[in-house]
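> Input: one structure, supplied below.
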Amino acid sequence: MAYVYVYAPFSGTIWGKSTYCNGSAHTVVRNLEGGSPMDIGNVSENTSIRFMASSLVKSIRTRRAPVCATQTGDWNQGVIVDMFAQYNQQCYIGSVAYGHVKNWVANGNHNTRTLTLGKLPADCNCGCSDGIHVHTQAKHGTITGLAQCAGSRVYSGSTWIYRYQWNSGWC
Ligand SMILES: [Zn+2]
């Protein structure tokens, strides 16, 4: 058994995981697939959102998805990244999704494990927002061990936020 890790898409602070800091349940966005929702904030508008995964990921597929039904524009834009253990989108591992994205990447296939997906939009001051942040979800992955909604600091490309089990025999 091996693990695949997805790292923080920028340096910021965990605002909520399966619950928000006030203890209420964190919304799972159906259109983004999977679960294990997380918000990462304390970050500036126009910060790049970077998909970054560990070296077992050899290729990815990017797909756009809506996020927040009460909004149009950037706050309703999400990008799902499907991860594969072989080049050219062979051997599916799992997916990670990022919500509230402007200048989002086109749908496409890439033989890489790092890719800029877009940028953070300005705060919408709407029901989808407690301020500028990215919403993430994982399909087949789980949130790693940072304390639940502890205001944990995460660092771009070095703190992992989701972990996926992988066995090469599954391919
Ligand atoms: Zn969220």
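Letters A, B, ... go to the chains of the structure tokens in the order shown; residues in each chain start at 1; ligands are counted from 1 in the same order.
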Can you list, as a ChimeraX atom specification, every protein, DNA or RNA residue that comes within 10 Å of Arg64 in chain A when you count only C-alpha atoms, leaving out same-chain residues fewer than 5 positions away?
/A:31-32,77-81,97-99,101,104-108
> Looking only at the backbone, which of the residues in range 14-81 of chain A does DSSP tag as strand (DSSP E or B), as a PyMOL selection string?
chain A and resi 14-16+19-20+25+35-41+48-53+59-66+77-81
> Check every protein, DNA and RNA residue against ligand 1, keep those with an atom at most 7 Å away (counting only C-alpha atoms and all ligand atoms), and present them as a tab-separated table (two decimals) with C-alpha atoms, in the first residue's frame.

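Okay, result25.tsv is ready:
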```tsv
chain	number	residue	atom	x	y	z
A	26	HIS	CA	-19.54	22.13	6.38
A	27	THR	CA	-21.51	21.97	3.16
A	37	PRO	CA	-14.87	19.50	2.51
A	38	MET	CA	-12.28	22.03	3.63
A	39	ASP	CA	-11.88	25.80	3.40
A	134	VAL	CA	-10.83	28.14	-1.64
A	135	HIS	CA	-13.23	25.28	-0.94
A	136	THR	CA	-11.77	21.83	-1.53
```
> Calculated over only C-alpha atoms, which of the candidates A:Ala65, A:Ile49, A:Met83, A:Met1 has the smallest distance to Val29 in chain A?
A:Ala65
> Tell me which protein, DNA and RNA residues are within 8 Å of Thr144 in chain A, counting only C-alpha atoms, leaving out same-chain ones fewer than 4 positions away, and put them as a PyMOL selection string.
chain A and resi 160-163
> Please, could you write that set of residues out with C-alpha atoms as a compact mmCIF listing (two decimals), in the first residue's frame?

```
# COMPACT_ATOMS: atom_id res chain seq x y z
CA TRP A 160 -0.53 17.86 2.48
CA ILE A 161 -4.26 18.32 2.80
CA TYR A 162 -5.64 15.06 1.36
CA ARG A 163 -4.31 11.51 1.31
```
> What lies within 8 Å of Asn111 in chain A using only C-alpha atoms, ignoring chain neighbours under 4 positions off, as a list in words?
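That gives Lys58, Ser59, Ile60, Tyr87, Asn88 and Gln89 of chain A.
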> Let me see the file: selected residues, N, CA and C atoms, as a PDB file, in the first residue's frame.

```
ATOM      1  N   LYS A  58       1.014  10.653 -12.182  1.00  0.00           N
ATOM      2  CA  LYS A  58       1.730  10.832 -13.444  1.00  0.00           C
ATOM      3  C   LYS A  58       0.928  11.640 -14.462  1.00  0.00           C
ATOM      4  N   SER A  59      -0.380  11.690 -14.311  1.00  0.00           N
ATOM      5  CA  SER A  59      -1.172  12.503 -15.241  1.00  0.00           C
ATOM      6  C   SER A  59      -2.481  12.895 -14.564  1.00  0.00           C
ATOM      7  N   ILE A  60      -3.109  13.923 -15.124  1.00  0.00           N
ATOM      8  CA  ILE A  60      -4.360  14.443 -14.558  1.00  0.00           C
ATOM      9  C   ILE A  60      -5.320  14.835 -15.676  1.00  0.00           C
ATOM     10  N   TYR A  87       0.766   7.707 -17.174  1.00  0.00           N
ATOM     11  CA  TYR A  87       0.622   8.798 -18.130  1.00  0.00           C
ATOM     12  C   TYR A  87      -0.644   8.613 -18.977  1.00  0.00           C
ATOM     13  N   ASN A  88      -1.090   9.711 -19.535  1.00  0.00           N
ATOM     14  CA  ASN A  88      -2.227   9.706 -20.468  1.00  0.00           C
ATOM     15  C   ASN A  88      -3.508   9.172 -19.831  1.00  0.00           C
ATOM     16  N   GLN A  89      -3.718   9.561 -18.551  1.00  0.00           N
ATOM     17  CA  GLN A  89      -4.993   9.340 -17.877  1.00  0.00           C
ATOM     18  C   GLN A  89      -5.339   7.848 -17.780  1.00  0.00           C
TER      19      GLN A  89
END
```
> I'd like the neighbourhood of range 114-123 of chain A as a PyMOL selection string, where a residue qualifies if any of its atoms comes within 8 Å (using only C-alpha atoms), though same-chain residues fewer than 6 positions away should be ignored.
chain A and resi 44-53+74-75+79+100-105+129+131-134
> Filtering to N, CA and C atoms, could you give me those residues as a CSV table (one decimal), in the first residue's frame?

```csv
chain,number,residue,atom,x,y,z
A,44,SER,N,-4.9,36.4,-0.1
A,44,SER,CA,-5.2,37.6,-0.9
A,44,SER,C,-5.9,37.2,-2.2
A,45,GLU,N,-6.8,38.1,-2.7
A,45,GLU,CA,-7.3,38.0,-4.0
A,45,GLU,C,-6.2,37.9,-5.0
A,46,ASN,N,-6.5,37.1,-6.0
A,46,ASN,CA,-5.5,36.9,-7.1
A,46,ASN,C,-4.4,36.0,-6.8
A,47,THR,N,-4.4,35.4,-5.6
A,47,THR,CA,-3.4,34.3,-5.4
A,47,THR,C,-3.7,33.1,-6.3
A,48,SER,N,-2.6,32.6,-6.8
A,48,SER,CA,-2.8,31.4,-7.7
A,48,SER,C,-3.2,30.2,-6.9
A,49,ILE,N,-4.1,29.4,-7.5
A,49,ILE,CA,-4.5,28.1,-6.9
A,49,ILE,C,-3.8,27.1,-7.7
A,50,ARG,N,-2.9,26.4,-7.0
A,50,ARG,CA,-2.0,25.4,-7.6
A,50,ARG,C,-2.4,24.0,-7.2
A,51,PHE,N,-2.7,23.1,-8.2
A,51,PHE,CA,-2.8,21.7,-7.9
A,51,PHE,C,-1.4,21.2,-7.8
A,52,MET,N,-1.1,20.5,-6.7
A,52,MET,CA,0.2,19.9,-6.5
A,52,MET,C,0.0,18.5,-5.8
A,53,ALA,N,0.5,17.5,-6.4
A,53,ALA,CA,0.4,16.1,-5.8
A,53,ALA,C,1.8,15.5,-5.7
A,74,ASP,N,-17.4,34.0,-10.8
A,74,ASP,CA,-16.2,33.2,-10.3
A,74,ASP,C,-16.6,32.4,-9.1
A,75,TRP,N,-17.5,32.9,-8.2
A,75,TRP,CA,-17.8,32.1,-7.0
A,75,TRP,C,-18.5,30.8,-7.3
A,79,VAL,N,-13.1,23.6,-10.2
A,79,VAL,CA,-12.3,22.8,-11.1
A,79,VAL,C,-12.0,21.4,-10.3
A,100,HIS,N,-14.5,28.1,-6.1
A,100,HIS,CA,-14.4,29.6,-6.2
A,100,HIS,C,-13.1,29.9,-6.9
A,101,VAL,N,-13.1,29.8,-8.2
A,101,VAL,CA,-11.9,29.9,-9.0
A,101,VAL,C,-12.2,30.9,-10.1
A,102,LYS,N,-11.3,31.9,-10.3
A,102,LYS,CA,-11.4,32.8,-11.5
A,102,LYS,C,-10.2,32.5,-12.4
A,103,ASN,N,-10.4,32.9,-13.7
A,103,ASN,CA,-9.4,32.6,-14.7
A,103,ASN,C,-9.1,31.1,-14.7
A,104,TRP,N,-10.2,30.3,-14.6
A,104,TRP,CA,-10.0,28.8,-14.5
A,104,TRP,C,-9.4,28.2,-15.7
A,105,VAL,N,-8.6,27.1,-15.5
A,105,VAL,CA,-8.0,26.3,-16.5
A,105,VAL,C,-9.0,25.7,-17.4
A,129,SER,N,-19.7,32.7,1.2
A,129,SER,CA,-18.4,33.2,1.6
A,129,SER,C,-18.3,33.7,3.0
A,131,GLY,N,-15.3,35.2,3.4
A,131,GLY,CA,-14.1,35.9,3.0
A,131,GLY,C,-13.4,35.1,1.9
A,132,ILE,N,-12.3,35.7,1.4
A,132,ILE,CA,-11.6,35.0,0.3
A,132,ILE,C,-11.1,33.7,0.7
A,133,HIS,N,-11.4,32.6,0.0
A,133,HIS,CA,-10.9,31.3,0.4
A,133,HIS,C,-11.1,30.4,-0.8
A,134,VAL,N,-10.5,29.2,-0.7
A,134,VAL,CA,-10.8,28.1,-1.6
A,134,VAL,C,-11.6,27.0,-0.9
```
